[in-house]
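Data block for target35.txt (compact mmCIF, C-alpha atoms):
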```
# COMPACT_ATOMS: atom_id res chain seq x y z
CA MET A 1 12.87 -31.91 28.38
CA ASN A 2 14.88 -30.16 25.70
CA ILE A 3 12.92 -28.75 22.79
CA SER A 4 14.79 -28.02 19.57
CA PRO A 5 14.78 -24.37 18.45
CA GLU A 6 13.47 -25.44 15.03
CA LEU A 7 10.41 -27.10 16.60
CA VAL A 8 9.70 -24.01 18.71
CA GLY A 9 10.00 -21.89 15.57
CA TRP A 10 7.50 -23.95 13.59
CA ILE A 11 5.08 -24.10 16.51
CA ALA A 12 5.33 -20.32 16.83
CA VAL A 13 4.61 -19.76 13.12
CA VAL A 14 1.61 -22.14 13.12
CA THR A 15 0.25 -20.58 16.32
CA LEU A 16 0.73 -17.11 14.85
CA PHE A 17 -1.41 -17.79 11.78
CA ALA A 18 -4.00 -19.63 13.87
CA MET A 19 -4.39 -16.65 16.20
CA LEU A 20 -4.56 -14.21 13.31
CA GLY A 21 -7.27 -16.38 11.77
CA LEU A 22 -9.21 -16.13 15.03
CA GLY A 23 -9.03 -12.34 14.86
CA VAL A 24 -6.54 -11.71 17.69
CA PRO A 25 -4.91 -8.27 17.19
CA VAL A 26 -1.68 -8.56 15.22
CA ALA A 27 0.50 -6.56 17.62
CA PHE A 28 -0.52 -8.61 20.68
CA THR A 29 -0.14 -11.87 18.74
CA LEU A 30 3.38 -11.06 17.59
CA THR A 31 4.48 -9.81 21.01
CA GLY A 32 2.98 -12.69 22.98
CA ILE A 33 4.25 -15.50 20.78
CA GLY A 34 7.66 -13.87 20.40
CA PHE A 35 8.06 -13.42 24.15
CA PHE A 36 6.93 -16.90 25.22
CA GLY A 37 8.93 -18.60 22.46
CA TYR A 38 12.04 -16.67 23.48
CA LEU A 39 11.31 -17.50 27.13
CA ILE A 40 11.29 -21.23 26.35
CA LEU A 41 14.59 -21.11 24.48
CA ALA A 42 16.59 -18.44 26.32
CA GLY A 43 15.12 -18.27 29.82
CA SER A 44 13.42 -15.55 31.84
CA GLY A 45 16.33 -13.11 32.16
CA PRO A 46 17.17 -12.67 28.46
CA SER A 47 13.49 -12.74 27.42
CA LEU A 48 12.47 -10.03 29.92
CA GLY A 49 15.48 -7.95 28.91
CA MET A 50 14.60 -8.35 25.24
CA VAL A 51 10.98 -7.28 25.75
CA GLY A 52 12.10 -4.33 27.87
CA LEU A 53 14.66 -2.99 25.41
CA VAL A 54 13.67 -4.01 21.88
CA PRO A 55 10.38 -2.06 21.43
CA TYR A 56 12.05 1.27 22.24
CA ALA A 57 15.46 0.58 20.74
CA LYS A 58 14.03 -0.55 17.41
CA THR A 59 11.26 2.03 16.96
CA ALA A 60 12.78 5.22 18.42
CA LEU A 61 14.74 5.88 15.24
CA TYR A 62 14.89 9.05 13.16
CA ALA A 63 14.11 7.18 9.94
CA PHE A 64 10.77 6.00 11.34
CA THR A 65 9.45 9.56 11.60
CA ALA A 66 8.74 9.37 7.87
CA VAL A 67 5.79 7.07 8.64
CA PRO A 68 3.65 9.46 10.72
CA LEU A 69 4.63 12.40 8.51
CA PHE A 70 3.49 10.66 5.31
CA ILE A 71 0.31 9.55 7.09
CA ALA A 72 -0.29 13.15 8.19
CA MET A 73 0.27 14.37 4.63
CA GLY A 74 -2.39 11.96 3.35
CA ASN A 75 -4.89 12.81 6.07
CA LEU A 76 -4.45 16.55 5.60
CA ALA A 77 -4.91 16.20 1.83
CA PHE A 78 -8.03 14.10 2.42
CA TYR A 79 -9.69 16.50 4.87
CA ALA A 80 -8.72 19.53 2.76
CA GLY A 81 -10.68 18.05 -0.16
CA PHE A 82 -7.74 18.04 -2.56
CA GLY A 83 -8.89 14.63 -3.77
CA SER A 84 -12.16 16.04 -5.11
CA ASP A 85 -10.23 18.72 -7.02
CA LEU A 86 -7.96 16.11 -8.56
CA TYR A 87 -10.95 13.98 -9.54
CA ASP A 88 -12.75 16.96 -11.08
CA ALA A 89 -9.66 17.87 -13.13
CA ALA A 90 -9.23 14.26 -14.26
CA ARG A 91 -12.92 14.10 -15.26
CA LYS A 92 -12.56 17.12 -17.51
CA TRP A 93 -9.41 15.79 -19.16
CA VAL A 94 -10.24 12.10 -19.75
CA GLY A 95 -14.05 12.20 -19.52
CA ARG A 96 -14.18 12.41 -23.31
CA PHE A 97 -13.02 8.78 -23.68
CA PRO A 98 -15.27 5.67 -23.48
CA GLY A 99 -16.17 5.10 -19.83
CA GLY A 100 -14.94 8.64 -19.22
CA LEU A 101 -15.91 9.10 -15.57
CA ALA A 102 -14.56 5.65 -14.72
CA GLN A 103 -11.32 6.54 -16.51
CA ALA A 104 -11.21 9.79 -14.56
CA THR A 105 -11.64 7.84 -11.32
CA VAL A 106 -8.48 5.87 -12.07
CA VAL A 107 -6.52 9.00 -13.01
CA GLY A 108 -7.85 10.86 -9.97
CA GLY A 109 -6.95 7.93 -7.70
CA ALA A 110 -3.40 7.81 -9.06
CA ALA A 111 -3.03 11.58 -8.72
CA PHE A 112 -4.36 11.54 -5.15
CA GLY A 113 -1.84 8.82 -4.40
CA ALA A 114 0.93 11.37 -4.97
CA ALA A 115 -0.43 13.31 -1.99
CA CYS A 116 -1.70 10.44 0.10
CA GLY A 117 0.20 7.13 0.20
CA SER A 118 -2.71 5.15 1.65
CA GLY A 119 -4.85 2.76 -0.37
CA LEU A 120 -7.67 2.95 2.17
CA ALA A 121 -7.74 6.76 2.13
CA GLY A 122 -7.75 6.77 -1.69
CA CYS A 123 -10.61 4.26 -1.76
CA ALA A 124 -12.64 6.27 0.79
CA MET A 125 -12.18 9.48 -1.19
CA LEU A 126 -13.22 7.93 -4.51
CA THR A 127 -16.15 6.03 -2.99
CA LYS A 128 -17.55 9.24 -1.50
CA ILE A 129 -16.95 11.44 -4.55
CA ALA A 130 -16.73 9.37 -7.73
CA VAL A 131 -19.27 6.58 -7.19
CA PRO A 132 -22.33 8.85 -6.62
CA GLU A 133 -21.23 11.00 -9.58
CA MET A 134 -20.95 8.01 -11.91
CA ILE A 135 -24.26 6.49 -10.82
CA ARG A 136 -25.95 9.89 -11.27
CA HIS A 137 -24.65 10.00 -14.84
CA GLY A 138 -26.02 6.53 -15.64
CA TYR A 139 -22.95 4.32 -15.11
CA ASP A 140 -23.50 0.72 -14.10
CA LYS A 141 -23.25 0.34 -10.33
CA ARG A 142 -20.68 -2.45 -10.52
CA LEU A 143 -18.41 -0.51 -12.86
CA ALA A 144 -18.60 2.55 -10.62
CA ILE A 145 -17.84 0.58 -7.47
CA GLY A 146 -15.15 -1.54 -9.12
CA CYS A 147 -13.06 1.29 -10.50
CA ALA A 148 -13.33 3.35 -7.28
CA GLY A 149 -12.33 0.43 -5.07
CA SER A 150 -9.47 -0.54 -7.37
CA ALA A 151 -8.09 2.91 -8.19
CA GLY A 152 -7.68 3.80 -4.51
CA PRO A 153 -4.97 1.19 -3.82
CA ILE A 154 -2.77 2.69 -6.56
CA ALA A 155 -1.85 5.19 -3.82
CA GLN A 156 0.19 2.40 -2.21
CA MET A 157 2.46 2.28 -5.28
CA ILE A 158 2.70 5.97 -6.17
CA PRO A 159 5.14 7.74 -3.84
CA PRO A 160 4.89 8.77 -1.09
CA SER A 161 3.98 5.17 -0.21
CA ILE A 162 3.76 4.09 3.41
CA MET A 163 4.12 0.44 2.37
CA PHE A 164 7.47 1.15 0.71
CA VAL A 165 8.68 2.89 3.87
CA LEU A 166 7.67 -0.10 5.99
CA TYR A 167 9.18 -2.59 3.54
CA GLY A 168 12.44 -0.64 3.60
CA ILE A 169 12.47 -0.63 7.40
CA ILE A 170 11.78 -4.37 7.67
CA THR A 171 14.30 -5.42 5.01
CA GLU A 172 16.87 -2.64 5.67
CA GLN A 173 16.74 -1.42 2.07
CA SER A 174 16.99 2.14 0.76
CA VAL A 175 13.62 3.80 1.36
CA ALA A 176 14.50 6.53 -1.14
CA LYS A 177 15.09 4.03 -3.95
CA LEU A 178 11.96 2.11 -3.04
CA LEU A 179 9.81 5.23 -3.20
CA ILE A 180 11.21 6.23 -6.59
CA ALA A 181 10.84 2.63 -7.82
CA GLY A 182 7.06 2.95 -7.49
CA ILE A 183 6.63 5.80 -9.99
CA ILE A 184 6.70 3.89 -13.29
CA PRO A 185 4.86 0.80 -11.92
CA GLY A 186 2.15 3.08 -10.52
CA ILE A 187 1.66 4.70 -13.92
CA ILE A 188 1.61 1.30 -15.62
CA CYS A 189 -1.01 0.03 -13.16
CA ALA A 190 -3.24 3.05 -13.82
CA ILE A 191 -2.91 2.57 -17.61
CA ILE A 192 -3.81 -1.13 -17.37
CA TYR A 193 -6.87 -0.28 -15.26
CA MET A 194 -7.93 2.29 -17.87
CA ILE A 195 -7.52 -0.29 -20.63
CA THR A 196 -9.63 -2.69 -18.54
CA ILE A 197 -12.40 -0.09 -18.35
CA TYR A 198 -12.15 0.59 -22.09
CA ILE A 199 -12.48 -3.12 -22.93
CA TRP A 200 -15.35 -3.58 -20.45
CA VAL A 201 -17.28 -0.67 -21.94
CA ARG A 202 -16.61 -1.82 -25.52
CA ILE A 203 -17.86 -5.32 -24.71
CA ASN A 204 -20.96 -4.01 -22.94
CA PRO A 205 -21.72 -0.41 -23.99
CA LYS A 206 -24.82 -0.32 -21.76
CA ILE A 207 -22.75 -0.02 -18.60
CA ALA A 208 -21.60 3.53 -19.44
CA PRO A 209 -23.25 6.51 -21.18
CA GLU A 210 -21.78 8.41 -24.07
CA PRO A 211 -18.50 10.21 -23.25
CA GLU A 212 -18.79 13.71 -21.83
CA ARG A 213 -17.41 16.41 -24.10
CA VAL A 214 -15.85 19.11 -21.95
CA PRO A 215 -14.42 22.19 -23.72
CA TRP A 216 -10.63 22.29 -23.62
CA LYS A 217 -10.79 25.75 -22.05
CA GLU A 218 -12.70 24.34 -19.09
CA ALA A 219 -10.21 21.49 -18.81
CA PHE A 220 -7.28 23.90 -18.61
CA ILE A 221 -9.09 26.03 -16.03
CA SER A 222 -9.55 22.96 -13.81
CA VAL A 223 -5.77 22.69 -13.48
CA LYS A 224 -5.75 25.89 -11.40
CA LYS A 225 -7.31 24.04 -8.47
CA VAL A 226 -4.67 21.31 -8.38
CA TRP A 227 -1.45 23.10 -9.24
CA GLY A 228 -0.48 23.47 -5.58
CA VAL A 229 -0.82 19.76 -4.79
CA ALA A 230 0.90 18.86 -8.07
CA ILE A 231 3.89 21.10 -7.34
CA LEU A 232 4.10 19.76 -3.78
CA ALA A 233 4.13 16.16 -5.02
CA LEU A 234 6.84 17.02 -7.55
CA ILE A 235 8.93 18.70 -4.84
CA VAL A 236 8.65 15.65 -2.58
CA MET A 237 9.45 13.11 -5.31
CA GLY A 238 12.03 15.33 -7.02
CA GLY A 239 13.75 16.05 -3.72
CA ILE A 240 14.08 12.33 -2.95
CA TYR A 241 15.23 11.48 -6.48
CA SER A 242 17.83 14.23 -6.63
CA GLY A 243 19.14 13.52 -3.16
CA VAL A 244 18.19 16.96 -1.85
CA PHE A 245 15.84 15.37 0.71
CA THR A 246 16.07 12.18 2.65
CA PRO A 247 12.72 10.33 2.75
CA THR A 248 12.14 11.64 6.28
CA GLU A 249 12.87 15.23 5.24
CA ALA A 250 10.64 14.81 2.18
CA ALA A 251 7.85 13.54 4.45
CA GLY A 252 8.24 16.62 6.64
CA VAL A 253 8.15 18.94 3.63
CA GLY A 254 5.10 17.12 2.26
CA ALA A 255 3.14 17.20 5.52
CA PHE A 256 3.99 20.84 6.27
CA GLY A 257 3.36 21.90 2.67
CA THR A 258 -0.04 20.18 2.60
CA LEU A 259 -0.98 21.90 5.88
CA ILE A 260 0.03 25.33 4.52
CA LEU A 261 -1.86 24.75 1.25
CA GLY A 262 -4.96 23.75 3.17
CA LEU A 263 -4.80 26.75 5.49
CA VAL A 264 -4.01 29.30 2.77
CA ALA A 265 -6.85 28.00 0.61
CA ARG A 266 -9.10 27.91 3.72
CA ARG A 267 -9.87 24.27 3.01
CA ILE A 268 -9.07 22.95 6.51
CA ALA A 269 -11.33 23.97 9.36
CA LYS A 270 -10.31 23.64 13.00
CA LYS A 271 -12.46 20.51 13.38
CA ASN A 272 -10.95 18.89 10.26
CA LEU A 273 -7.44 19.74 11.42
CA SER A 274 -7.96 18.00 14.76
CA GLU A 275 -9.54 14.99 13.01
CA ALA A 276 -6.60 14.73 10.60
CA PHE A 277 -4.06 14.75 13.43
CA LEU A 278 -6.15 12.34 15.54
CA ASP A 279 -6.38 9.90 12.61
CA THR A 280 -2.62 10.24 12.14
CA ALA A 281 -2.01 9.45 15.82
CA LYS A 282 -4.29 6.39 15.69
CA SER A 283 -2.73 4.98 12.51
CA THR A 284 0.82 5.65 13.73
CA SER A 285 0.15 4.04 17.11
CA MET A 286 -1.25 0.94 15.44
CA LEU A 287 1.73 0.62 13.10
CA TYR A 288 4.29 1.17 15.87
CA LEU A 289 2.66 -1.47 18.08
CA ILE A 290 2.79 -3.92 15.17
CA LEU A 291 6.38 -2.89 14.46
CA ALA A 292 7.46 -3.47 18.07
CA GLY A 293 5.71 -6.85 18.13
CA ALA A 294 7.29 -7.80 14.81
CA TYR A 295 10.78 -7.11 16.16
CA ILE A 296 10.09 -9.24 19.24
CA PHE A 297 8.82 -12.06 17.02
CA GLY A 298 11.85 -11.52 14.77
CA TYR A 299 14.18 -12.12 17.71
CA LEU A 300 12.47 -15.46 18.26
CA LEU A 301 12.90 -16.37 14.58
CA ALA A 302 16.56 -15.36 14.75
CA ILE A 303 17.29 -17.63 17.72
CA THR A 304 15.51 -20.55 16.02
CA LYS A 305 17.39 -19.87 12.74
CA LEU A 306 14.18 -20.82 10.94
CA PRO A 307 14.39 -18.13 8.19
CA PHE A 308 17.90 -19.20 7.21
CA GLN A 309 16.99 -22.89 7.18
CA LEU A 310 13.99 -22.09 5.02
CA ALA A 311 16.22 -20.06 2.68
CA ASP A 312 18.71 -22.92 2.46
CA PHE A 313 15.94 -25.40 1.69
CA LEU A 314 14.21 -23.30 -0.98
CA SER A 315 17.43 -22.14 -2.65
CA THR A 316 18.62 -25.74 -3.09
CA LEU A 317 15.42 -27.04 -4.66
CA PRO A 318 16.07 -28.46 -8.17
CA VAL A 319 13.78 -25.92 -9.85
CA SER A 320 14.16 -22.54 -11.44
CA ARG A 321 14.33 -19.64 -9.01
CA TYR A 322 11.32 -18.17 -10.82
CA VAL A 323 9.27 -21.22 -9.83
CA ILE A 324 10.08 -20.42 -6.20
CA LEU A 325 9.21 -16.76 -6.81
CA PHE A 326 5.89 -17.85 -8.32
CA LEU A 327 5.16 -19.95 -5.22
CA VAL A 328 5.99 -16.94 -3.02
CA MET A 329 3.56 -14.80 -5.04
CA ILE A 330 0.82 -17.43 -4.66
CA PHE A 331 1.55 -17.57 -0.93
CA TYR A 332 1.15 -13.80 -0.60
CA ILE A 333 -2.07 -13.76 -2.63
CA ILE A 334 -3.54 -16.43 -0.31
CA ILE A 335 -2.33 -14.58 2.80
CA GLY A 336 -3.72 -11.34 1.36
CA CYS A 337 -7.16 -12.95 1.17
CA LEU A 338 -7.03 -13.49 4.94
CA ILE A 339 -5.19 -10.50 6.45
CA ASP A 340 -4.09 -7.03 5.35
CA MET A 341 -0.70 -6.91 3.66
CA VAL A 342 0.83 -4.48 6.17
CA PRO A 343 0.77 -6.93 9.10
CA ALA A 344 1.46 -9.75 6.62
CA MET A 345 4.71 -7.99 5.69
CA PHE A 346 5.81 -7.83 9.32
CA VAL A 347 4.93 -11.49 9.83
CA THR A 348 6.32 -13.03 6.63
CA LEU A 349 9.20 -10.90 5.33
CA PRO A 350 11.64 -11.97 8.08
CA MET A 351 11.13 -15.54 6.83
CA ILE A 352 10.77 -14.91 3.08
CA PHE A 353 13.32 -12.15 2.47
CA PRO A 354 16.45 -14.26 3.18
CA THR A 355 15.27 -16.67 0.49
CA ILE A 356 14.82 -13.81 -1.98
CA MET A 357 18.35 -12.61 -1.30
CA ARG A 358 19.77 -16.15 -1.48
CA LEU A 359 18.15 -16.55 -4.93
CA GLU A 360 19.79 -13.24 -5.99
CA PHE A 361 16.60 -11.37 -6.79
CA ASN A 362 16.82 -7.58 -6.62
CA PRO A 363 15.36 -6.47 -3.26
CA ILE A 364 14.03 -3.17 -4.66
CA TRP A 365 12.23 -5.02 -7.47
CA PHE A 366 10.82 -7.54 -4.98
CA GLY A 367 9.55 -4.61 -2.89
CA VAL A 368 7.50 -3.41 -5.87
CA LEU A 369 6.02 -6.91 -6.19
CA VAL A 370 5.11 -6.95 -2.50
CA VAL A 371 3.40 -3.55 -2.73
CA GLN A 372 1.46 -4.70 -5.81
CA LEU A 373 0.40 -7.76 -3.83
CA GLY A 374 -0.71 -5.32 -1.13
CA GLU A 375 -2.96 -3.62 -3.68
CA ILE A 376 -4.47 -6.97 -4.61
CA SER A 377 -5.00 -7.89 -0.94
CA LEU A 378 -7.22 -4.84 -0.44
CA LEU A 379 -9.62 -6.20 -3.07
CA THR A 380 -9.61 -9.96 -2.58
CA PRO A 381 -12.46 -11.54 -0.59
CA PRO A 382 -13.23 -12.65 2.03
CA PHE A 383 -11.28 -10.03 4.05
CA GLY A 384 -10.22 -7.35 1.54
CA LEU A 385 -10.33 -4.13 3.58
CA ASN A 386 -11.51 -2.02 0.65
CA LEU A 387 -14.55 -4.29 0.26
CA PHE A 388 -15.63 -3.63 3.84
CA LEU A 389 -14.75 0.06 3.58
CA MET A 390 -16.99 0.50 0.53
CA LYS A 391 -19.76 -1.51 2.19
CA GLY A 392 -19.54 0.75 5.23
CA LEU A 393 -19.70 3.89 3.10
CA MET A 394 -22.52 2.48 0.93
CA PRO A 395 -24.65 0.26 3.21
CA GLU A 396 -27.40 0.06 0.59
CA VAL A 397 -25.10 -1.80 -1.83
CA GLU A 398 -24.88 -5.59 -1.58
CA MET A 399 -21.45 -7.09 -0.92
CA ASP A 400 -22.00 -9.35 -3.95
CA ASP A 401 -22.16 -6.28 -6.21
CA ILE A 402 -18.96 -4.90 -4.70
CA ILE A 403 -17.08 -8.16 -5.24
CA ARG A 404 -18.38 -8.51 -8.81
CA GLY A 405 -17.41 -4.91 -9.51
CA VAL A 406 -13.80 -5.29 -8.39
CA PHE A 407 -13.26 -8.75 -9.92
CA PRO A 408 -12.15 -7.53 -13.40
CA PHE A 409 -9.68 -5.21 -11.69
CA ILE A 410 -8.30 -8.05 -9.55
CA ILE A 411 -7.53 -9.86 -12.81
CA ALA A 412 -5.96 -6.66 -14.19
CA ALA A 413 -3.90 -6.23 -11.00
CA ILE A 414 -2.57 -9.78 -11.23
CA PHE A 415 -1.73 -9.20 -14.91
CA THR A 416 0.11 -6.02 -13.86
CA LEU A 417 2.07 -8.06 -11.32
CA PHE A 418 3.28 -10.35 -14.12
CA VAL A 419 4.27 -7.28 -16.18
CA TYR A 420 6.53 -6.19 -13.30
CA ILE A 421 8.01 -9.70 -13.06
CA ILE A 422 8.65 -10.07 -16.81
CA PHE A 423 10.05 -6.54 -17.18
CA PRO A 424 12.07 -5.76 -14.01
CA GLN A 425 13.32 -2.49 -15.48
CA THR A 426 9.86 -1.00 -15.00
CA SER A 427 10.78 -0.99 -11.31
CA LEU A 428 14.55 -0.55 -11.49
CA PHE A 429 15.13 2.05 -14.22
CA LEU A 430 14.69 5.14 -12.02
CA PRO A 431 16.36 3.71 -8.86
CA ASN A 432 19.39 2.68 -10.92
CA LEU A 433 19.81 6.27 -12.06
CA MET A 434 20.01 7.30 -8.40
CA MET A 435 23.16 5.28 -7.74
CA GLY A 436 25.85 7.43 -6.23
CA LYS A 437 23.43 10.06 -4.99
```

Now that the file is in, can you turn its structure into structure tokens?
Amino acid sequence: MNISPELVGWIAVVTLFAMLGLGVPVAFTLTGIGFFGYLILAGSGPSLGMVGLVPYAKTALYAFTAVPLFIAMGNLAFYAGFGSDLYDAARKWVGRFPGGLAQATVVGGAAFGAACGSGLAGCAMLTKIAVPEMIRHGYDKRLAIGCAGSAGPIAQMIPPSIMFVLYGIITEQSVAKLLIAGIIPGIICAIIYMITIYIWVRINPKIAPEPERVPWKEAFISVKKVWGVAILALIVMGGIYSGVFTPTEAAGVGAFGTLILGLVARRIAKKNLSEAFLDTAKSTSMLYLILAGAYIFGYLLAITKLPFQLADFLSTLPVSRYVILFLVMIFYIIIGCLIDMVPAMFVTLPMIFPTIMRLEFNPIWFGVLVVQLGEISLLTPPFGLNLFLMKGLMPEVEMDDIIRGVFPFIIAAIFTLFVYIIFPQTSLFLPNLMMGK
């Protein structure tokens, strides 16, 4: 019995989401479905050859070394305690405003993002440091939890961003331009979160004490602790922007520079160093397994021609292309409620991206939208990873309080997404200046 490639493709996609919903590991799901689907359509010889060659051929590339290096940079910065220094400096600079410590949490989260690139690491740092500090000073528990859980994901937008690197790999776009594209949107996101806190405190002054007045002298002194990380972040971003570094070289400079800063300042003990590298190895292994599985599944999609048929169908619908974009955004928000955006990118972008290109949307701009959706996915119940991370770090806090705390910031994040859509130049201004470099 002959089975049409299109039918096999749709069965594979439905089975994929069903297995993910059942909690089957993403890498094994992608690999298994991709292999058996390819086996049905192409036979045993080509399918075995594909599985034997693709994982190595597609992942053993020089450009991919940026992923473990950026992960190492973030882990080293985390274990060296640079995040606490950044938070302390932010507290002394913006603590004088309404909801000062909450405002400082957002600023500290954005600043840590410049040395981290991981929304989960940023959330863990702020939950450990900022939440107890805010509660001790009389801040409402939900405000403290909400701003810590929401400020952490800004690290996914501020370069160096692992999500931008992965998006660039999947879609074959310039990783350098994607990283630079996240600078202005990351700043905008932080500002909107700070405005959200200001409005929340003005509406209900009881949730935050009076602003802390720190002498300006003390504020300037606090900068001494963070100048090294700040200069390193500027070197990494400036090197990419100017064309002095490729993203991979910038990742190497960032990881090595963070290690040297930690050792010189005696902030990284032998135990912490081994933990940082072990965490890097675990995260990198997980991502590479998903990446290999995604390429195998992508070969199945290619032979079924499903992505191109979907692109043809959506691009010929008698509606505005922005209506289709809106539907894509809704789709990603729903998917983000069920699985993390990183595996969701590997699963969905091979199908969605051809449509985006057919509708003539800028791929760099769309990458910023996807990363913002990744930030939202970390907060949205029932499976937002930041919700479970904060619950694990604060077992005494009810999940209901965590969800209620992050809800205003979910609304702010969605509003920020619309700002990026309405004003594309927020994402494209800096990358456009890089043309020719």

*Between CA of Ile296 (chain A) and CA of Ala72 (chain A), what is the spacing in Å?*
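Spanning CA of Ala72 (chain A) to CA of Ile296 (chain A) is a straight-line distance of 27.0 Å.
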
*So, counting all atoms listed in the file, which residue among A:Ala208, A:Ile183, A:Ile356, A:Ile403 is closest to Phe429 (chain A)?*
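Checking each of A:Ala208, A:Ile183, A:Ile356, A:Ile403 against Phe429 (chain A), counting all atoms listed in the file, the winner is A:Ile183.
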
Near region 224-236 of chain A, 8 Å: region 60-116 of chain A residue rows, closest pairs, all atoms listed in the file, as JSON lines:
```
{"residue": "A:Phe82", "atom": "CA", "partner": "A:Val226", "partner_atom": "CA", "distance": 7.3}
{"residue": "A:Asp85", "atom": "CA", "partner": "A:Lys225", "partner_atom": "CA", "distance": 6.2}
{"residue": "A:Leu86", "atom": "CA", "partner": "A:Val226", "partner_atom": "CA", "distance": 6.2}
{"residue": "A:Ala89", "atom": "CA", "partner": "A:Val226", "partner_atom": "CA", "distance": 7.7}
{"residue": "A:Ala114", "atom": "CA", "partner": "A:Ala233", "partner_atom": "CA", "distance": 5.8}
{"residue": "A:Ala115", "atom": "CA", "partner": "A:Ala233", "partner_atom": "CA", "distance": 6.2}
```

_Distance in Å - CA of Leu289 (chain A) versus CA of Ala181 (chain A)_ =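 These atoms are spaced 27.5 Å apart.
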
*Identify which of the residues A:Phe313, A:Tyr167, A:Phe112, A:Phe388 lies closest to Ile154 (chain A), counting only C-alpha atoms when measuring atom-to-atom distances.*
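Checking each candidate against Ile154 (chain A), we get A:Phe112 as the closest.
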
*Nearby residues (only C-alpha atoms) at most 9 Å from Met163 (chain A), same-chain spacing under 2 positions excluded, as a ChimeraX atom specification*: /A:117-118,156-157,161,165-168,341-342,370-371,374

*asked:* Would you compute the distance between CA of Ala276 (chain A) and CA of Leu76 (chain A)? Give it in Å to one decimal.
replied: 5.7 Å

Draw an axis-aligned box tight on the listed atoms of region 232-245 of chain A, then pad every side by 6 Å and write out centre and edge lengths in Å to one decimal as AutoDock Vina command-line options.
```
--center_x 11.6 --center_y 15.6 --center_z -3.4 --size_x 27.0 --size_y 20.3 --size_z 20.3
```

_Shell of 8 Å around Thr127 (chain A), all atoms listed in the file, local chain residues under 5 positions omitted, as a VMD selection string_ = chain A and resid 132 145 148 to 149 390 393

Name all residues at most 9 Å from region 136-138 of chain A (count all atoms listed in the file; drop same-chain ones fewer than 2 positions away) and give them as a short mmCIF file (atom, residue, chain, number, x, y, z; two decimals) with C-alpha atoms, in the frame of the given file.
```cif
data_model
loop_
_atom_site.label_atom_id
_atom_site.label_comp_id
_atom_site.auth_asym_id
_atom_site.auth_seq_id
_atom_site.Cartn_x
_atom_site.Cartn_y
_atom_site.Cartn_z
CA LEU A 101 -15.91 9.10 -15.57
CA VAL A 131 -19.27 6.58 -7.19
CA PRO A 132 -22.33 8.85 -6.62
CA GLU A 133 -21.23 11.00 -9.58
CA MET A 134 -20.95 8.01 -11.91
CA ASP A 140 -23.50 0.72 -14.10
CA LYS A 141 -23.25 0.34 -10.33
CA ILE A 207 -22.75 -0.02 -18.60
CA ALA A 208 -21.60 3.53 -19.44
CA PRO A 209 -23.25 6.51 -21.18
#
```

*Using all atoms listed in the file, pick whichever of A:Pro185, A:Pro307, A:Gly52, A:Gly257 has the shortest atom-to-atom distance to Phe418 (chain A).*
A:Pro185

*Hey, which of A:Ala155, A:Ser84, A:Val107, A:Asn432 ends up closest to Ala130 (chain A)? Count all atoms listed in the file.*
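Closest candidate: A:Ser84.
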
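Around Ile422 (chain A), within 12 Å and counting all atoms listed in the file, the residues found are Tyr322, Phe326, Trp365, Leu369, Phe415, Thr416, Leu417, Phe418, Val419, Gln425, Thr426 and Ser427 of chain A, once anything fewer than 3 positions away on its own chain is removed.
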
*Of the listed residues A:Leu325, A:Met357, A:Gly262, A:Ile71, that which approaches Lys282 (chain A) most closely, counting all atoms listed in the file*: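 Closest to Lys282 (chain A), using all atoms listed in the file: A:Ile71.
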
*Check the smallest atom-to-atom distance from each of A:Met434, A:Ala292, A:Leu310, A:Ser377 to Ala57 (chain A) using all atoms listed in the file, then report the winner.*
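Counting all atoms listed in the file, the residue closest to Ala57 (chain A) is A:Ala292.
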
*Residue contacts of Phe353 (chain A) (9 Å, all atoms listed in the file) excluding same-chain residues fewer than 2 positions away, as a PyMOL selection string*: chain A and resi 171+307+311+348-351+355-358+363

With region 121-124 of chain A as the partner and 12 Å as the cut-off, tabulate the residues of region 217-332 of chain A that qualify, each row holding the nearest pair of atoms and their distance in Å to one decimal, using all atoms listed in the file, sorted by chain and rising number, as a Markdown table.
```
| residue | atom | partner | partner_atom | distance |
| --- | --- | --- | --- | --- |
| A:Ala276 | CA | A:Ala121 | CA | 11.7 |
| A:Asp279 | CA | A:Ala121 | CA | 11.0 |
| A:Thr280 | CA | A:Ala121 | CA | 11.8 |
| A:Ser283 | CA | A:Ala121 | CA | 11.7 |
```

What would region 362-366 of chain A look like with N, CA and C atoms in place, written as a tab-separated table (two decimals), keeping the file's coordinate frame?
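What landed in selection.tsv:
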```
chain	number	residue	atom	x	y	z
A	362	ASN	N	16.59	-8.96	-7.06
A	362	ASN	CA	16.82	-7.58	-6.62
A	362	ASN	C	15.82	-7.22	-5.52
A	363	PRO	N	16.28	-6.76	-4.36
A	363	PRO	CA	15.36	-6.47	-3.26
A	363	PRO	C	14.43	-5.29	-3.52
A	364	ILE	N	14.89	-4.31	-4.32
A	364	ILE	CA	14.03	-3.17	-4.66
A	364	ILE	C	12.89	-3.65	-5.56
A	365	TRP	N	13.22	-4.44	-6.56
A	365	TRP	CA	12.23	-5.02	-7.47
A	365	TRP	C	11.22	-5.87	-6.70
A	366	PHE	N	11.72	-6.70	-5.77
A	366	PHE	CA	10.82	-7.54	-4.98
A	366	PHE	C	9.90	-6.67	-4.12
```
